[in-house]
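Engineer: Contents of data_25.pdb (PDB, C-alpha atoms and all ligand atoms) are below:
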```
ATOM      1  CA  MET A 272      37.438  53.913 108.673  1.00  0.00           C
ATOM      2  CA  ILE A 273      37.104  51.200 106.090  1.00  0.00           C
ATOM      3  CA  GLU A 274      36.192  47.767 107.330  1.00  0.00           C
ATOM      4  CA  VAL A 275      38.193  44.958 105.795  1.00  0.00           C
ATOM      5  CA  THR A 276      37.171  41.323 106.035  1.00  0.00           C
ATOM      6  CA  VAL A 277      39.406  38.445 105.071  1.00  0.00           C
ATOM      7  CA  LYS A 278      37.709  35.094 104.622  1.00  0.00           C
ATOM      8  CA  SER A 279      39.652  31.845 104.472  1.00  0.00           C
ATOM      9  CA  LYS A 280      38.793  29.655 101.496  1.00  0.00           C
ATOM     10  CA  ILE A 281      40.171  26.726 103.455  1.00  0.00           C
ATOM     11  CA  SER A 282      38.217  26.911 106.720  1.00  0.00           C
ATOM     12  CA  GLY A 283      35.547  29.499 105.916  1.00  0.00           C
ATOM     13  CA  ARG A 284      36.520  31.494 108.987  1.00  0.00           C
ATOM     14  CA  PHE A 285      36.814  35.226 108.653  1.00  0.00           C
ATOM     15  CA  LYS A 286      38.489  38.097 110.441  1.00  0.00           C
ATOM     16  CA  THR A 287      37.650  41.771 110.297  1.00  0.00           C
ATOM     17  CA  GLY A 288      39.614  44.912 110.956  1.00  0.00           C
ATOM     18  CA  SER A 289      39.245  48.644 110.411  1.00  0.00           C
ATOM     19  CA  PHE A 290      41.746  50.797 108.590  1.00  0.00           C
ATOM     20  CA  THR A 291      41.890  54.353 107.357  1.00  0.00           C
ATOM     21  CA  ALA A 292      42.010  54.918 103.623  1.00  0.00           C
ATOM     22  CA  ARG A 293      45.556  56.208 103.988  1.00  0.00           C
ATOM     23  CA  GLU A 294      46.640  53.087 105.855  1.00  0.00           C
ATOM     24  CA  LEU A 295      45.202  50.925 103.110  1.00  0.00           C
ATOM     25  CA  LEU A 296      46.943  53.030 100.488  1.00  0.00           C
ATOM     26  CA  HIS A 297      50.279  52.354 102.134  1.00  0.00           C
ATOM     27  CA  THR A 298      49.766  48.700 102.955  1.00  0.00           C
ATOM     28  CA  TYR A 299      50.406  45.803 100.633  1.00  0.00           C
ATOM     29  CA  GLU A 300      47.639  43.215 100.447  1.00  0.00           C
ATOM     30  CA  ASP A 301      49.942  40.538 101.848  1.00  0.00           C
ATOM     31  CA  ASP A 302      50.761  42.687 104.874  1.00  0.00           C
ATOM     32  CA  LEU A 303      47.113  43.553 105.368  1.00  0.00           C
ATOM     33  CA  VAL A 304      46.094  39.898 105.429  1.00  0.00           C
ATOM     34  CA  CYS A 305      49.044  39.030 107.662  1.00  0.00           C
ATOM     35  CA  ASN A 306      48.009  41.779 110.056  1.00  0.00           C
ATOM     36  CA  LEU A 307      44.388  40.634 110.154  1.00  0.00           C
ATOM     37  CA  THR A 308      45.118  36.946 110.580  1.00  0.00           C
ATOM     38  CA  GLN A 309      47.828  37.067 113.239  1.00  0.00           C
ATOM     39  CA  CYS A 310      47.309  34.254 115.692  1.00  0.00           C
ATOM     40  CA  ASN A 311      47.837  34.220 119.433  1.00  0.00           C
ATOM     41  CA  CYS A 312      49.959  31.112 119.607  1.00  0.00           C
ATOM     42  CA  GLN A 313      52.744  31.262 122.160  1.00  0.00           C
ATOM     43  CA  PRO A 314      56.421  30.619 121.389  1.00  0.00           C
ATOM     44  CA  VAL A 315      57.634  27.182 122.344  1.00  0.00           C
ATOM     45  CA  GLY A 316      60.278  26.899 125.061  1.00  0.00           C
ATOM     46  CA  GLU A 317      62.927  29.588 125.234  1.00  0.00           C
ATOM     47  CA  THR A 318      62.906  30.479 121.561  1.00  0.00           C
ATOM     48  CA  TYR A 319      60.864  33.312 120.172  1.00  0.00           C
ATOM     49  CA  VAL A 320      59.746  31.210 117.266  1.00  0.00           C
ATOM     50  CA  VAL A 321      56.056  30.431 117.200  1.00  0.00           C
ATOM     51  CA  GLU A 322      55.615  27.012 115.686  1.00  0.00           C
ATOM     52  CA  CYS A 323      52.089  26.697 114.467  1.00  0.00           C
ATOM     53  CA  ASN A 324      50.291  26.173 111.194  1.00  0.00           C
ATOM     54  CA  CYS A 325      47.688  28.879 111.586  1.00  0.00           C
ATOM     55  CA  ASP A 326      48.930  30.800 108.559  1.00  0.00           C
ATOM     56  CA  GLU A 327      48.166  27.831 106.299  1.00  0.00           C
ATOM     57  CA  GLU A 328      44.512  28.575 106.910  1.00  0.00           C
ATOM     58  CA  TRP A 329      45.018  31.958 105.250  1.00  0.00           C
ATOM     59  CA  GLU A 330      47.045  30.914 102.236  1.00  0.00           C
ATOM     60  CA  GLU A 331      43.854  31.124 100.188  1.00  0.00           C
ATOM     61  CA  TYR A 332      41.418  33.854 101.014  1.00  0.00           C
ATOM     62  CA  ASP A 333      38.881  36.337  99.746  1.00  0.00           C
ATOM     63  CA  LEU A 334      39.172  39.952 100.730  1.00  0.00           C
ATOM     64  CA  PHE A 335      36.093  42.138 101.240  1.00  0.00           C
ATOM     65  CA  PHE A 336      35.799  45.856 101.946  1.00  0.00           C
ATOM     66  CA  SER A 337      32.919  47.644 103.611  1.00  0.00           C
ATOM     67  CA  ASP A 338      32.022  49.357 100.328  1.00  0.00           C
ATOM     68  CA  GLY A 339      30.916  45.946  99.047  1.00  0.00           C
ATOM     69  CA  PHE A 340      33.859  45.208  96.782  1.00  0.00           C
TER      70      PHE A 340
HETATM   71 ZN    ZN B   1      49.056  29.978 115.477  1.00  0.00          ZN
END
```
Produce structure tokens that represent the structure in this file.

Structural biologist:
Amino acid sequence: MIEVTVKSKISGRFKTGSFTARELLHTYEDDLVCNLTQCNCQPVGETYVVECNCDEEWEEYDLFFSDGF
């Protein structure tokens, strides 16, 4: 498995996940970051729409892999 770390340039927080090389090969960077930075906010009321601004934190990020690049 390859460890992937995404670090927010906005808050400095980071999240880490592990993927196989094949998964990474088939995943766009945007989707990878989206996957890693999913938040746990709950939908409001009876809609299924989660209204939060968590993704703004990840609009600017650095991506690191466990091989050091
Ligand atoms: Zn959220």

Engineer: Considering all atoms listed in the file, return as an mmCIF file with C-alpha atoms, in the frame of the given file whatever protein or nucleic-acid residues lie within 12 Å of Phe285 of chain A, sequence-local ones (same chain, fewer than 6 positions apart) excluded.

Structural biologist:
```
data_model
loop_
_atom_site.group_PDB
_atom_site.id
_atom_site.type_symbol
_atom_site.label_atom_id
_atom_site.label_comp_id
_atom_site.auth_asym_id
_atom_site.auth_seq_id
_atom_site.Cartn_x
_atom_site.Cartn_y
_atom_site.Cartn_z
ATOM 1 C CA VAL A 275 38.193 44.958 105.795
ATOM 2 C CA THR A 276 37.171 41.323 106.035
ATOM 3 C CA VAL A 277 39.406 38.445 105.071
ATOM 4 C CA LYS A 278 37.709 35.094 104.622
ATOM 5 C CA SER A 279 39.652 31.845 104.472
ATOM 6 C CA VAL A 304 46.094 39.898 105.429
ATOM 7 C CA LEU A 307 44.388 40.634 110.154
ATOM 8 C CA THR A 308 45.118 36.946 110.580
ATOM 9 C CA GLU A 328 44.512 28.575 106.910
ATOM 10 C CA TRP A 329 45.018 31.958 105.250
ATOM 11 C CA GLU A 331 43.854 31.124 100.188
ATOM 12 C CA TYR A 332 41.418 33.854 101.014
ATOM 13 C CA ASP A 333 38.881 36.337 99.746
ATOM 14 C CA LEU A 334 39.172 39.952 100.730
ATOM 15 C CA PHE A 335 36.093 42.138 101.240
#
```

Engineer: Select the residues contacting ligand ZN 1 (chain B) at a distance of at most 9 Å, based on all atoms listed in the file, then format the selection as a VMD selection string.

Structural biologist: chain A and resid 309 to 313 321 to 326

Engineer: I'd like the neighbourhood of Phe290 of chain A as an mmCIF file with C-alpha atoms, in the coordinates of the input, where a residue qualifies if any of its atoms comes within 8 Å (using only C-alpha atoms), though same-chain residues fewer than 2 positions away should be ignored.

Structural biologist:
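Contents of out.cif, as written:
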```cif
data_model
loop_
_atom_site.group_PDB
_atom_site.id
_atom_site.type_symbol
_atom_site.label_atom_id
_atom_site.label_comp_id
_atom_site.auth_asym_id
_atom_site.auth_seq_id
_atom_site.Cartn_x
_atom_site.Cartn_y
_atom_site.Cartn_z
ATOM 1 C CA MET A 272 37.438 53.913 108.673
ATOM 2 C CA ILE A 273 37.104 51.200 106.090
ATOM 3 C CA GLU A 274 36.192 47.767 107.330
ATOM 4 C CA VAL A 275 38.193 44.958 105.795
ATOM 5 C CA GLY A 288 39.614 44.912 110.956
ATOM 6 C CA ALA A 292 42.010 54.918 103.623
ATOM 7 C CA GLU A 294 46.640 53.087 105.855
ATOM 8 C CA LEU A 295 45.202 50.925 103.110
#
```

Engineer: My list of candidates is A:Gly316, A:Asn306, A:Ser289, A:Asp301. Which is closest to Glu330 of chain A when distances are computed with only C-alpha atoms?

Structural biologist: A:Asp301

Engineer: Would you mind reading off the distance between atom CA of Asp302 of chain A and atom CA of Thr318 of chain A, one decimal, in Å?

Structural biologist: 24.0 Å

Engineer: What does the distance from atom CA of Gly283 of chain A to atom CA of Ser337 of chain A come to in Å, to one decimal?

Structural biologist: 18.5 Å

Engineer: In Å, how far is it from atom CA of Lys286 of chain A to atom CA of Asp338 of chain A?

Structural biologist: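 According to the coordinates, atom CA of Lys286 of chain A and atom CA of Asp338 of chain A are separated by 16.5 Å.
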
Engineer: Atoms are missing here; could segment 276-308 of chain A be completed with N, CA and C atoms and written as a PDB file, in the coordinates of the input?

Structural biologist:
```pdb
ATOM      1  N   THR A 276      37.412  42.686 105.573  1.00  0.00           N
ATOM      2  CA  THR A 276      37.171  41.323 106.035  1.00  0.00           C
ATOM      3  C   THR A 276      37.959  40.356 105.168  1.00  0.00           C
ATOM      4  N   VAL A 277      38.700  39.487 105.810  1.00  0.00           N
ATOM      5  CA  VAL A 277      39.406  38.445 105.071  1.00  0.00           C
ATOM      6  C   VAL A 277      38.766  37.106 105.442  1.00  0.00           C
ATOM      7  N   LYS A 278      38.377  36.370 104.394  1.00  0.00           N
ATOM      8  CA  LYS A 278      37.709  35.094 104.622  1.00  0.00           C
ATOM      9  C   LYS A 278      38.568  33.968 104.066  1.00  0.00           C
ATOM     10  N   SER A 279      38.833  32.977 104.893  1.00  0.00           N
ATOM     11  CA  SER A 279      39.652  31.845 104.472  1.00  0.00           C
ATOM     12  C   SER A 279      38.856  30.927 103.559  1.00  0.00           C
ATOM     13  N   LYS A 280      39.443  30.611 102.399  1.00  0.00           N
ATOM     14  CA  LYS A 280      38.793  29.655 101.496  1.00  0.00           C
ATOM     15  C   LYS A 280      38.966  28.230 102.006  1.00  0.00           C
ATOM     16  N   ILE A 281      39.868  28.055 102.950  1.00  0.00           N
ATOM     17  CA  ILE A 281      40.171  26.726 103.455  1.00  0.00           C
ATOM     18  C   ILE A 281      39.229  26.344 104.589  1.00  0.00           C
ATOM     19  N   SER A 282      39.047  27.241 105.559  1.00  0.00           N
ATOM     20  CA  SER A 282      38.217  26.911 106.720  1.00  0.00           C
ATOM     21  C   SER A 282      36.881  27.645 106.717  1.00  0.00           C
ATOM     22  N   GLY A 283      36.769  28.718 105.919  1.00  0.00           N
ATOM     23  CA  GLY A 283      35.547  29.499 105.916  1.00  0.00           C
ATOM     24  C   GLY A 283      35.479  30.507 107.047  1.00  0.00           C
ATOM     25  N   ARG A 284      36.491  30.506 107.909  1.00  0.00           N
ATOM     26  CA  ARG A 284      36.520  31.494 108.987  1.00  0.00           C
ATOM     27  C   ARG A 284      36.852  32.866 108.424  1.00  0.00           C
ATOM     28  N   PHE A 285      36.417  33.903 109.113  1.00  0.00           N
ATOM     29  CA  PHE A 285      36.814  35.226 108.653  1.00  0.00           C
ATOM     30  C   PHE A 285      37.214  36.129 109.806  1.00  0.00           C
ATOM     31  N   LYS A 286      38.036  37.110 109.464  1.00  0.00           N
ATOM     32  CA  LYS A 286      38.489  38.097 110.441  1.00  0.00           C
ATOM     33  C   LYS A 286      38.276  39.482 109.855  1.00  0.00           C
ATOM     34  N   THR A 287      37.978  40.421 110.732  1.00  0.00           N
ATOM     35  CA  THR A 287      37.650  41.771 110.297  1.00  0.00           C
ATOM     36  C   THR A 287      38.503  42.790 111.032  1.00  0.00           C
ATOM     37  N   GLY A 288      38.885  43.821 110.332  1.00  0.00           N
ATOM     38  CA  GLY A 288      39.614  44.912 110.956  1.00  0.00           C
ATOM     39  C   GLY A 288      39.233  46.223 110.306  1.00  0.00           C
ATOM     40  N   SER A 289      39.556  47.331 110.961  1.00  0.00           N
ATOM     41  CA  SER A 289      39.245  48.644 110.411  1.00  0.00           C
ATOM     42  C   SER A 289      40.531  49.418 110.136  1.00  0.00           C
ATOM     43  N   PHE A 290      40.571  50.035 108.990  1.00  0.00           N
ATOM     44  CA  PHE A 290      41.746  50.797 108.590  1.00  0.00           C
ATOM     45  C   PHE A 290      41.302  52.128 107.999  1.00  0.00           C
ATOM     46  N   THR A 291      42.174  53.104 108.062  1.00  0.00           N
ATOM     47  CA  THR A 291      41.890  54.353 107.357  1.00  0.00           C
ATOM     48  C   THR A 291      42.266  54.157 105.894  1.00  0.00           C
ATOM     49  N   ALA A 292      41.698  54.997 105.049  1.00  0.00           N
ATOM     50  CA  ALA A 292      42.010  54.918 103.623  1.00  0.00           C
ATOM     51  C   ALA A 292      43.514  55.079 103.396  1.00  0.00           C
ATOM     52  N   ARG A 293      44.122  55.971 104.158  1.00  0.00           N
ATOM     53  CA  ARG A 293      45.556  56.208 103.988  1.00  0.00           C
ATOM     54  C   ARG A 293      46.371  54.974 104.385  1.00  0.00           C
ATOM     55  N   GLU A 294      45.951  54.321 105.449  1.00  0.00           N
ATOM     56  CA  GLU A 294      46.640  53.087 105.855  1.00  0.00           C
ATOM     57  C   GLU A 294      46.563  52.045 104.748  1.00  0.00           C
ATOM     58  N   LEU A 295      45.379  51.915 104.170  1.00  0.00           N
ATOM     59  CA  LEU A 295      45.202  50.925 103.110  1.00  0.00           C
ATOM     60  C   LEU A 295      46.057  51.268 101.899  1.00  0.00           C
ATOM     61  N   LEU A 296      46.160  52.559 101.628  1.00  0.00           N
ATOM     62  CA  LEU A 296      46.943  53.030 100.488  1.00  0.00           C
ATOM     63  C   LEU A 296      48.412  52.658 100.642  1.00  0.00           C
ATOM     64  N   HIS A 297      48.863  52.594 101.870  1.00  0.00           N
ATOM     65  CA  HIS A 297      50.279  52.354 102.134  1.00  0.00           C
ATOM     66  C   HIS A 297      50.573  50.914 102.567  1.00  0.00           C
ATOM     67  N   THR A 298      49.583  50.077 102.500  1.00  0.00           N
ATOM     68  CA  THR A 298      49.766  48.700 102.955  1.00  0.00           C
ATOM     69  C   THR A 298      49.591  47.727 101.801  1.00  0.00           C
ATOM     70  N   TYR A 299      50.537  46.848 101.637  1.00  0.00           N
ATOM     71  CA  TYR A 299      50.406  45.803 100.633  1.00  0.00           C
ATOM     72  C   TYR A 299      49.357  44.789 101.084  1.00  0.00           C
ATOM     73  N   GLU A 300      48.701  44.176 100.117  1.00  0.00           N
ATOM     74  CA  GLU A 300      47.639  43.215 100.447  1.00  0.00           C
ATOM     75  C   GLU A 300      48.161  42.101 101.351  1.00  0.00           C
ATOM     76  N   ASP A 301      49.350  41.603 101.038  1.00  0.00           N
ATOM     77  CA  ASP A 301      49.942  40.538 101.848  1.00  0.00           C
ATOM     78  C   ASP A 301      50.079  40.953 103.317  1.00  0.00           C
ATOM     79  N   ASP A 302      50.561  42.190 103.511  1.00  0.00           N
ATOM     80  CA  ASP A 302      50.761  42.687 104.874  1.00  0.00           C
ATOM     81  C   ASP A 302      49.431  42.885 105.585  1.00  0.00           C
ATOM     82  N   LEU A 303      48.449  43.327 104.817  1.00  0.00           N
ATOM     83  CA  LEU A 303      47.113  43.553 105.368  1.00  0.00           C
ATOM     84  C   LEU A 303      46.526  42.239 105.892  1.00  0.00           C
ATOM     85  N   VAL A 304      46.629  41.207 105.054  1.00  0.00           N
ATOM     86  CA  VAL A 304      46.094  39.898 105.429  1.00  0.00           C
ATOM     87  C   VAL A 304      46.873  39.338 106.618  1.00  0.00           C
ATOM     88  N   CYS A 305      48.185  39.493 106.576  1.00  0.00           N
ATOM     89  CA  CYS A 305      49.044  39.030 107.662  1.00  0.00           C
ATOM     90  C   CYS A 305      48.630  39.691 108.973  1.00  0.00           C
ATOM     91  N   ASN A 306      48.413  40.987 108.896  1.00  0.00           N
ATOM     92  CA  ASN A 306      48.009  41.779 110.056  1.00  0.00           C
ATOM     93  C   ASN A 306      46.671  41.306 110.620  1.00  0.00           C
ATOM     94  N   LEU A 307      45.733  41.028 109.732  1.00  0.00           N
ATOM     95  CA  LEU A 307      44.388  40.634 110.154  1.00  0.00           C
ATOM     96  C   LEU A 307      44.340  39.219 110.725  1.00  0.00           C
ATOM     97  N   THR A 308      45.238  38.363 110.247  1.00  0.00           N
ATOM     98  CA  THR A 308      45.118  36.946 110.580  1.00  0.00           C
ATOM     99  C   THR A 308      46.162  36.483 111.593  1.00  0.00           C
TER     100      THR A 308
END
```
